[in-house]
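entry16.tsv (TSV, C-alpha atoms and all ligand atoms) appears below.
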```tsv
chain	number	residue	atom	x	y	z
M	1	MET	CA	90.51	84.25	84.57
M	2	SER	CA	89.56	84.10	80.88
M	3	TYR	CA	91.51	86.00	78.24
M	4	GLU	CA	90.72	86.81	74.61
M	5	ASN	CA	94.11	87.91	73.29
M	6	ILE	CA	96.56	85.70	75.15
M	7	LEU	CA	96.82	82.08	76.25
M	8	VAL	CA	97.97	81.37	79.78
M	9	GLU	CA	99.26	78.16	81.34
M	10	THR	CA	101.43	77.06	84.23
M	11	ASN	CA	103.99	74.27	84.16
M	12	GLN	CA	106.94	73.35	86.44
M	13	GLY	CA	106.71	76.60	88.40
M	14	VAL	CA	106.62	78.69	85.21
M	15	GLY	CA	103.77	81.00	84.20
M	16	VAL	CA	103.57	81.04	80.40
M	17	ILE	CA	101.89	83.84	78.44
M	18	THR	CA	101.40	83.26	74.70
M	19	LEU	CA	100.41	86.30	72.60
M	20	ASN	CA	97.49	85.12	70.52
M	21	ARG	CA	96.22	87.46	67.80
M	22	PRO	CA	97.55	85.48	64.82
M	23	ARG	CA	95.37	87.28	62.24
M	24	VAL	CA	97.23	90.55	62.87
M	25	HIS	CA	100.71	89.23	63.69
M	26	ASN	CA	99.98	89.54	67.44
M	27	ALA	CA	99.57	93.32	67.15
M	28	LEU	CA	99.51	94.75	70.67
M	29	SER	CA	96.09	96.26	71.32
M	30	VAL	CA	95.19	98.03	74.56
M	31	ALA	CA	93.14	94.94	75.48
M	32	LEU	CA	96.06	92.56	74.81
M	33	ILE	CA	98.52	94.61	76.87
M	34	SER	CA	95.97	94.84	79.67
M	35	GLU	CA	95.59	91.05	79.64
M	36	VAL	CA	99.39	90.61	79.74
M	37	GLY	CA	99.45	92.89	82.81
M	38	GLN	CA	96.64	90.94	84.48
M	39	ALA	CA	98.35	87.60	83.80
M	40	VAL	CA	101.70	88.90	85.10
M	41	ASP	CA	99.94	90.21	88.21
M	42	ALA	CA	98.27	86.82	88.79
M	43	PHE	CA	101.65	85.05	88.43
M	44	GLU	CA	103.23	87.55	90.82
M	45	GLN	CA	100.61	86.63	93.46
M	46	ASP	CA	100.90	82.89	92.82
M	47	GLU	CA	103.38	81.35	95.31
M	48	SER	CA	103.88	78.32	93.07
M	49	ILE	CA	105.28	80.45	90.20
M	50	GLY	CA	108.99	81.29	90.16
M	51	CYS	CA	109.49	82.55	86.61
M	52	ILE	CA	107.35	84.03	83.80
M	53	LEU	CA	107.81	83.22	80.11
M	54	ILE	CA	106.27	85.31	77.35
M	55	ARG	CA	106.17	84.09	73.75
M	56	GLY	CA	104.41	84.47	70.44
M	57	SER	CA	104.08	81.76	67.80
M	58	GLU	CA	106.94	80.22	65.80
M	59	LYS	CA	105.98	82.65	63.00
M	60	VAL	CA	105.83	85.96	64.87
M	61	PHE	CA	106.43	87.40	68.34
M	62	ALA	CA	104.55	90.69	67.82
M	63	ALA	CA	104.47	93.23	64.96
M	64	GLY	CA	104.14	96.18	67.31
M	65	ALA	CA	101.31	98.25	68.71
M	66	ASP	CA	97.99	97.82	66.90
M	67	ILE	CA	98.24	100.46	64.20
M	68	SER	CA	94.54	100.23	63.25
M	69	GLU	CA	93.62	100.99	66.85
M	70	MET	CA	96.11	103.88	67.14
M	71	ALA	CA	95.50	105.46	63.74
M	72	SER	CA	92.54	107.64	64.70
M	73	GLN	CA	93.85	108.75	68.08
M	74	GLU	CA	94.64	112.40	68.78
M	75	TYR	CA	97.42	113.82	70.90
M	76	VAL	CA	95.00	115.38	73.36
M	77	ASP	CA	93.44	111.97	74.08
M	78	LEU	CA	96.80	110.22	74.55
M	79	TYR	CA	97.95	113.05	76.79
M	80	LYS	CA	94.78	113.11	78.88
M	81	ASN	CA	94.70	109.35	79.47
M	82	ASP	CA	98.52	109.08	79.52
M	83	PHE	CA	98.64	106.58	76.62
M	84	PRO	CA	96.55	103.59	77.76
M	85	TYR	CA	99.05	101.15	76.20
M	86	LEU	CA	101.55	102.06	78.86
M	87	THR	CA	99.49	102.89	81.93
M	88	GLY	CA	96.71	101.25	83.94
M	89	ASP	CA	96.59	97.50	84.47
M	90	GLY	CA	98.88	96.57	81.55
M	91	TRP	CA	102.43	97.66	80.77
M	92	GLU	CA	103.10	99.35	84.11
M	93	VAL	CA	102.08	96.21	86.00
M	94	MET	CA	104.51	94.19	83.92
M	95	GLU	CA	107.32	96.72	84.52
M	96	ARG	CA	106.65	96.66	88.28
M	97	ARG	CA	106.83	92.88	88.59
M	98	ARG	CA	109.58	91.32	90.75
M	99	LYS	CA	109.71	87.78	89.36
M	100	PRO	CA	112.09	87.02	86.47
M	101	MET	CA	110.49	87.17	83.02
M	102	ILE	CA	111.98	85.67	79.83
M	103	ALA	CA	110.94	86.52	76.26
M	104	ALA	CA	111.09	83.70	73.68
M	105	VAL	CA	111.15	85.42	70.29
M	106	SER	CA	110.62	83.67	66.96
M	107	GLY	CA	109.88	85.73	63.84
M	108	MET	CA	109.37	89.46	64.08
M	109	ALA	CA	109.50	91.54	67.25
M	110	LEU	CA	108.86	95.04	65.93
M	111	GLY	CA	108.04	98.37	67.55
M	112	GLY	CA	106.11	97.68	70.76
M	113	GLY	CA	106.87	93.96	70.20
M	114	CYS	CA	110.61	94.65	70.40
M	115	GLU	CA	109.98	96.87	73.42
M	116	LEU	CA	107.93	94.14	75.12
M	117	ALA	CA	110.76	91.63	74.61
M	118	MET	CA	113.33	94.14	75.90
M	119	ALA	CA	111.21	94.84	79.00
M	120	CYS	CA	111.81	91.19	79.97
M	121	ASP	CA	114.97	90.17	81.83
M	122	PHE	CA	116.48	88.41	78.84
M	123	ILE	CA	115.56	87.28	75.36
M	124	LEU	CA	116.00	83.81	73.86
M	125	ALA	CA	115.66	83.97	70.08
M	126	SER	CA	115.04	81.49	67.29
M	127	GLU	CA	117.08	81.65	64.08
M	128	THR	CA	114.17	83.47	62.41
M	129	ALA	CA	113.92	86.25	65.01
M	130	ARG	CA	113.99	89.84	63.70
M	131	PHE	CA	114.12	92.92	65.90
M	132	GLY	CA	113.39	96.50	64.93
M	133	GLN	CA	111.87	99.85	65.79
M	134	PRO	CA	110.12	100.79	62.52
M	135	GLU	CA	107.97	103.57	64.06
M	136	ILE	CA	109.82	106.22	62.07
M	137	LYS	CA	108.17	104.85	58.91
M	138	LEU	CA	104.80	105.74	60.46
M	139	ALA	CA	106.13	109.21	61.33
M	140	THR	CA	106.10	108.40	65.02
M	141	MET	CA	108.72	107.01	67.39
M	142	PRO	CA	109.26	104.27	69.97
M	143	GLY	CA	107.17	104.97	73.07
M	144	ALA	CA	107.64	102.00	75.40
M	145	GLY	CA	111.37	102.04	76.03
M	146	GLY	CA	112.75	101.47	72.50
M	147	THR	CA	115.13	104.44	72.45
M	148	GLN	CA	116.30	103.71	76.01
M	149	ARG	CA	116.58	99.92	76.28
M	150	LEU	CA	117.87	99.41	72.73
M	151	THR	CA	120.58	102.00	73.37
M	152	ARG	CA	121.60	100.36	76.65
M	153	ALA	CA	121.66	96.94	74.96
M	154	LEU	CA	123.35	97.83	71.64
M	155	GLY	CA	125.19	101.09	72.25
M	156	LYS	CA	124.43	104.44	70.63
M	157	ALA	CA	125.58	103.77	67.05
M	158	LYS	CA	123.44	100.72	66.35
M	159	ALA	CA	120.44	101.93	68.37
M	160	MET	CA	120.45	105.29	66.63
M	161	GLU	CA	120.73	103.67	63.21
M	162	LEU	CA	117.89	101.23	63.90
M	163	CYS	CA	115.54	103.89	65.31
M	164	LEU	CA	116.31	106.38	62.53
M	165	THR	CA	116.03	103.90	59.65
M	166	GLY	CA	113.70	101.16	60.90
M	167	ARG	CA	116.26	98.56	59.78
M	168	MET	CA	115.78	95.14	61.36
M	169	LEU	CA	118.43	93.09	63.17
M	170	ASP	CA	118.45	89.40	62.40
M	171	ALA	CA	119.04	86.90	65.19
M	172	GLU	CA	122.80	86.62	64.62
M	173	GLU	CA	123.39	90.36	64.61
M	174	ALA	CA	121.15	90.69	67.68
M	175	GLU	CA	123.19	88.06	69.53
M	176	ARG	CA	126.52	89.59	68.48
M	177	ALA	CA	125.30	92.97	69.69
M	178	GLY	CA	124.12	91.62	73.06
M	179	LEU	CA	120.36	92.06	72.58
M	180	VAL	CA	119.62	88.34	72.91
M	181	SER	CA	121.30	85.83	75.19
M	182	ARG	CA	121.08	82.78	72.90
M	183	ILE	CA	119.87	81.65	69.47
M	184	LEU	CA	118.08	78.31	69.06
M	185	PRO	CA	116.57	76.42	66.13
M	186	VAL	CA	112.89	77.38	65.65
M	187	THR	CA	111.72	73.89	66.58
M	188	GLU	CA	113.68	73.95	69.86
M	189	LEU	CA	113.08	77.52	71.04
M	190	PHE	CA	109.95	77.08	73.14
M	191	ALA	CA	111.06	73.81	74.75
M	192	GLU	CA	114.46	75.26	75.65
M	193	ALA	CA	112.88	78.53	76.89
M	194	MET	CA	110.62	76.39	79.10
M	195	ASN	CA	113.63	74.42	80.44
M	196	THR	CA	115.47	77.66	81.17
M	197	ALA	CA	112.46	79.20	82.92
M	198	ALA	CA	111.85	76.00	84.90
M	199	SER	CA	115.49	75.91	86.02
M	200	ILE	CA	115.12	79.48	87.35
M	201	ALA	CA	111.80	78.60	89.01
M	202	ALA	CA	113.52	75.72	90.82
M	203	GLN	CA	116.00	78.07	92.54
M	204	SER	CA	115.33	79.86	95.81
M	205	ARG	CA	112.66	82.49	94.98
M	206	PRO	CA	113.90	85.27	97.27
M	207	VAL	CA	117.40	84.94	95.80
M	208	THR	CA	116.14	85.19	92.21
M	209	LEU	CA	114.35	88.44	93.14
M	210	MET	CA	117.52	89.75	94.75
M	211	ILE	CA	119.76	88.88	91.78
M	212	ARG	CA	117.30	90.58	89.38
M	213	GLU	CA	117.36	93.70	91.48
M	214	ALA	CA	121.16	93.74	91.64
M	215	VAL	CA	121.69	93.24	87.88
M	216	ASP	CA	119.13	95.99	87.15
M	217	GLN	CA	121.10	98.33	89.43
M	218	ALA	CA	123.88	98.23	86.81
M	219	PHE	CA	121.59	100.30	84.56
M	220	GLU	CA	120.32	102.65	87.25
M	221	THR	CA	123.37	103.80	89.17
M	222	THR	CA	127.15	104.37	89.29
M	223	LEU	CA	129.59	101.44	89.52
M	224	SER	CA	130.58	102.19	93.12
M	225	ALA	CA	126.92	102.50	94.26
M	226	GLY	CA	126.06	99.33	92.31
M	227	LEU	CA	128.92	97.42	93.94
M	228	ARG	CA	127.79	98.62	97.39
M	229	PHE	CA	124.22	97.51	96.61
M	230	GLU	CA	125.49	94.11	95.48
M	231	ARG	CA	127.63	93.64	98.60
M	232	ARG	CA	124.70	94.44	100.93
M	233	ALA	CA	122.37	92.16	98.94
M	234	PHE	CA	124.95	89.34	99.03
M	235	GLN	CA	125.27	89.74	102.81
M	236	SER	CA	121.50	89.73	103.27
M	237	SER	CA	121.17	86.48	101.31
M	238	PHE	CA	122.78	84.89	104.39
M	239	ALA	CA	119.54	85.61	106.27
M	240	PHE	CA	117.62	83.21	104.00
M	241	GLU	CA	116.97	79.64	105.20
M	242	ASP	CA	117.52	78.56	101.59
M	243	ARG	CA	121.12	79.90	101.62
M	244	LYS	CA	121.93	77.64	104.57
M	245	GLU	CA	120.24	74.68	102.86
M	246	GLY	CA	122.04	75.40	99.54
M	247	MET	CA	125.50	75.39	101.11
M	248	GLN	CA	124.73	72.49	103.46
M	249	ALA	CA	123.45	70.39	100.55
M	250	PHE	CA	126.65	71.10	98.61
M	251	VAL	CA	128.79	70.02	101.57
M	252	GLU	CA	126.68	66.85	102.04
M	253	LYS	CA	126.78	66.14	98.27
M	254	ARG	CA	122.99	66.08	97.86
M	255	LYS	CA	120.36	68.17	96.05
M	256	PRO	CA	119.10	71.19	98.02
M	257	LYS	CA	115.45	71.35	99.08
M	258	PHE	CA	114.51	75.02	98.94
M	259	LYS	CA	111.55	76.32	100.96
M	260	HIS	CA	111.68	79.74	99.26
M	261	ARG	CA	112.32	81.36	102.64
M	301	LIG	N1	98.99	96.67	63.79
M	301	LIG	C1	97.83	96.25	63.25
M	301	LIG	N2	97.75	95.29	62.31
M	301	LIG	C2	98.92	94.74	61.89
M	301	LIG	C3	100.16	95.13	62.42
M	301	LIG	C4	100.17	96.15	63.42
M	301	LIG	N3	101.31	96.55	63.99
M	301	LIG	N4	101.13	94.41	61.79
M	301	LIG	C5	100.51	93.60	60.93
M	301	LIG	N5	99.18	93.80	60.97
M	301	LIG	C6	98.13	93.11	60.19
M	301	LIG	C7	98.12	93.57	58.74
M	301	LIG	O1	97.37	94.76	58.62
M	301	LIG	C8	97.47	92.39	58.07
M	301	LIG	O2	96.07	92.44	58.27
M	301	LIG	P1	95.05	92.07	57.06
M	301	LIG	O3	95.33	90.62	56.76
M	301	LIG	O4	93.72	92.31	57.64
M	301	LIG	O5	95.45	92.98	55.92
M	301	LIG	C9	98.00	91.19	58.85
M	301	LIG	O6	98.45	91.71	60.11
M	301	LIG	C10	99.18	90.53	58.18
M	301	LIG	O7	100.16	91.54	57.92
M	301	LIG	P2	100.87	91.73	56.49
M	301	LIG	O8	99.95	91.33	55.40
M	301	LIG	O9	101.43	93.12	56.46
M	301	LIG	O10	102.03	90.65	56.63
M	301	LIG	P3	103.47	90.65	55.98
M	301	LIG	O11	104.05	89.32	56.33
M	301	LIG	O12	103.40	91.05	54.55
M	301	LIG	O13	104.29	91.81	56.74
M	301	LIG	C11	105.09	93.01	58.69
M	301	LIG	C12	104.61	91.67	58.13
M	301	LIG	C13	106.45	93.39	58.08
M	301	LIG	C14	105.27	92.78	60.18
M	301	LIG	C15	104.05	94.12	58.38
M	301	LIG	O14	102.78	93.65	58.77
M	301	LIG	C16	104.31	95.40	59.11
M	301	LIG	O15	105.17	96.19	58.67
M	301	LIG	N6	103.60	95.66	60.23
M	301	LIG	C17	103.73	96.89	60.99
M	301	LIG	C18	105.02	96.93	61.77
M	301	LIG	C19	105.16	98.23	62.52
M	301	LIG	O16	105.21	99.30	61.95
M	301	LIG	N7	105.22	98.15	63.88
M	301	LIG	C20	105.32	99.32	64.72
M	301	LIG	C21	103.96	99.77	65.16
M	301	LIG	S1	104.00	101.31	66.08
M	301	LIG	C22	104.48	100.84	67.63
M	301	LIG	O17	104.68	99.68	67.90
M	301	LIG	C23	104.59	101.95	68.65
M	301	LIG	C24	104.89	101.37	70.03
M	301	LIG	C25	104.45	102.33	71.09
M	301	LIG	C26	104.32	101.63	72.46
M	301	LIG	C27	103.18	100.66	72.51
M	301	LIG	C28	103.38	99.55	73.49
M	301	LIG	C29	102.34	98.47	73.37
```
Kindly return the structure encoded in the file as structure tokens.
Amino acid sequence: MSYENILVETNQGVGVITLNRPRVHNALSVALISEVGQAVDAFEQDESIGCILIRGSEKVFAAGADISEMASQEYVDLYKNDFPYLTGDGWEVMERRRKPMIAAVSGMALGGGCELAMACDFILASETARFGQPEIKLATMPGAGGTQRLTRALGKAKAMELCLTGRMLDAEEAERAGLVSRILPVTELFAEAMNTAASIAAQSRPVTLMIREAVDQAFETTLSAGLRFERRAFQSSFAFEDRKEGMQAFVEKRKPKFKHR
């Protein structure tokens, strides 16, 4: 598969997607989002891949949807084709994936860029990371989960302030508020994100899918229903060959050899 707007590589069971439109701060065009969806789909099908990592450059993650491309669009077109940024073979494919996906953010993640990072399972940030939903300054609003995921991550007060003012969070405020899991020096971010993704890829694949599903339930359902879901999922992990191997290896004081079954 050849791509024009992203770079794709695989390493240690990790599928890496690098956003690559440096001239426009990795602005998310329809073509770029479609390529991200195609790459995610290919990694989903690839048995050797256990985790997906998405990143920009050290300078910028993504400055949002491509404003030049959107500027001339009319409501009737977006309505009729259901906003091609979010449908078709791009964003929806990424949202439907089952494998864990990490965002490594250095520099700005704005608008759709912030939404793309938040659509991942967690965000690792460099000290220069900046997050924001500046759409209001263009007299539009977040359209790919900004008002929903930011609010779940930060709480109403901060999310409302950010969406209504376009103010950016720096890395420290983002970590304090729970938007990012860790902050790393710029020069270490991508290597550490790779180590983290590789350590997930080395675990039993079916269990990583199950854990993802259970954590996501916390945002979809009541506590009692979530706890019931978790208990059933925990019990079903005992049907995996890897669970037996994991516990046996611990007892025998050796490294487990997972077959991803
Ligand atoms: N779209 C298109 N081009 C962009 C974008 C963008 N979002 N951001 C930057 N560029 C281009 C600039 O036009 C410029 O091009 P040129 O060199 O040809 O003039 C080049 O990138 C460099 O940008 P700047 O000169 O502006 O660089 P600065 O370092 O001075 O500023 C900023 C960087 C602060 C990031 C500034 O470029 C900026 O404010 N960009 C726009 C940020 C923004 O408003 N983002 C929200 C967009 S709307 C949105 O994301 C809606 C999401 C809906 C869902 C879509 C899901 C995919």
Neighbours of Lys255 in chain M within 12 Å (all atoms listed in the file; same-chain residues fewer than 4 positions away dropped), as a list in words? Ala202, Gln203, Glu245, Gly246, Met247, Gln248, Ala249, Phe250 and Val251 of chain M
Contacts of ligand LIG 301 (chain M), 10 Å or closer, only C-alpha atoms and all ligand atoms, given as a ChimeraX atom specification: /M:21-30,32-34,59-71,83-87,90-91,107-116,130,132-146,166
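In this structure, CA of Gly88 in chain M sits 8.9 Å away from CA of Gly37 in chain M.
Straight-line separation from CA of Val40 in chain M to CA of Ile102 in chain M: 12.0 Å.
Proximity ranking of M:Lys99, M:Val186, M:Phe238, M:Val16 relative to Gln45 in chain M places M:Lys99 first, based on all atoms listed in the file.
Separating CA of Met1 in chain M from CA of Asp121 in chain M is a distance of 25.3 Å.
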Around range 186-200 of chain M, with edges along x, y and z and 6 Å added on all six sides, what centre and edge lengths do you get, in Å to one decimal, as AutoDock Vina command-line options?
```
--center_x 112.7 --center_y 76.6 --center_z 76.5 --size_x 17.5 --size_y 17.7 --size_z 33.7
```
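Closest approach to Ile52 in chain M from the set M:Ser106, M:Glu161, M:Ala197, M:Arg182 is made by M:Ala197, with distances taken over all atoms listed in the file.
Distance check against Leu169 in chain M using all atoms listed in the file: of M:Glu9, M:Asp216, M:Glu127, M:Glu35, the minimum falls on M:Glu127.
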Non-local contacts of Leu189 in chain M (10 Å; only C-alpha atoms; under 5 positions in same chain excluded) as a list in words: Arg55, Glu58, Ala104, Val105, Ser106, Leu124, Ala125, Ser126, Glu127, Arg182, Ile183, Leu184, Met194 and Asn195 of chain M
May I ask which of the residues M:Ala233, M:Ile17, M:Val76, M:Leu223 is the closest one to Gln38 in chain M, counting all atoms listed in the file? M:Ile17
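You can rank M:Arg261, M:Lys156, M:Arg97, M:Lys80 by their closest distance to Ala39 in chain M using only C-alpha atoms, and at the top of that list sits M:Arg97.
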Judged by all atoms listed in the file, the minimum distance to Val14 in chain M among M:Phe43, M:Phe131, M:Phe229, M:Phe190 is found for M:Phe43
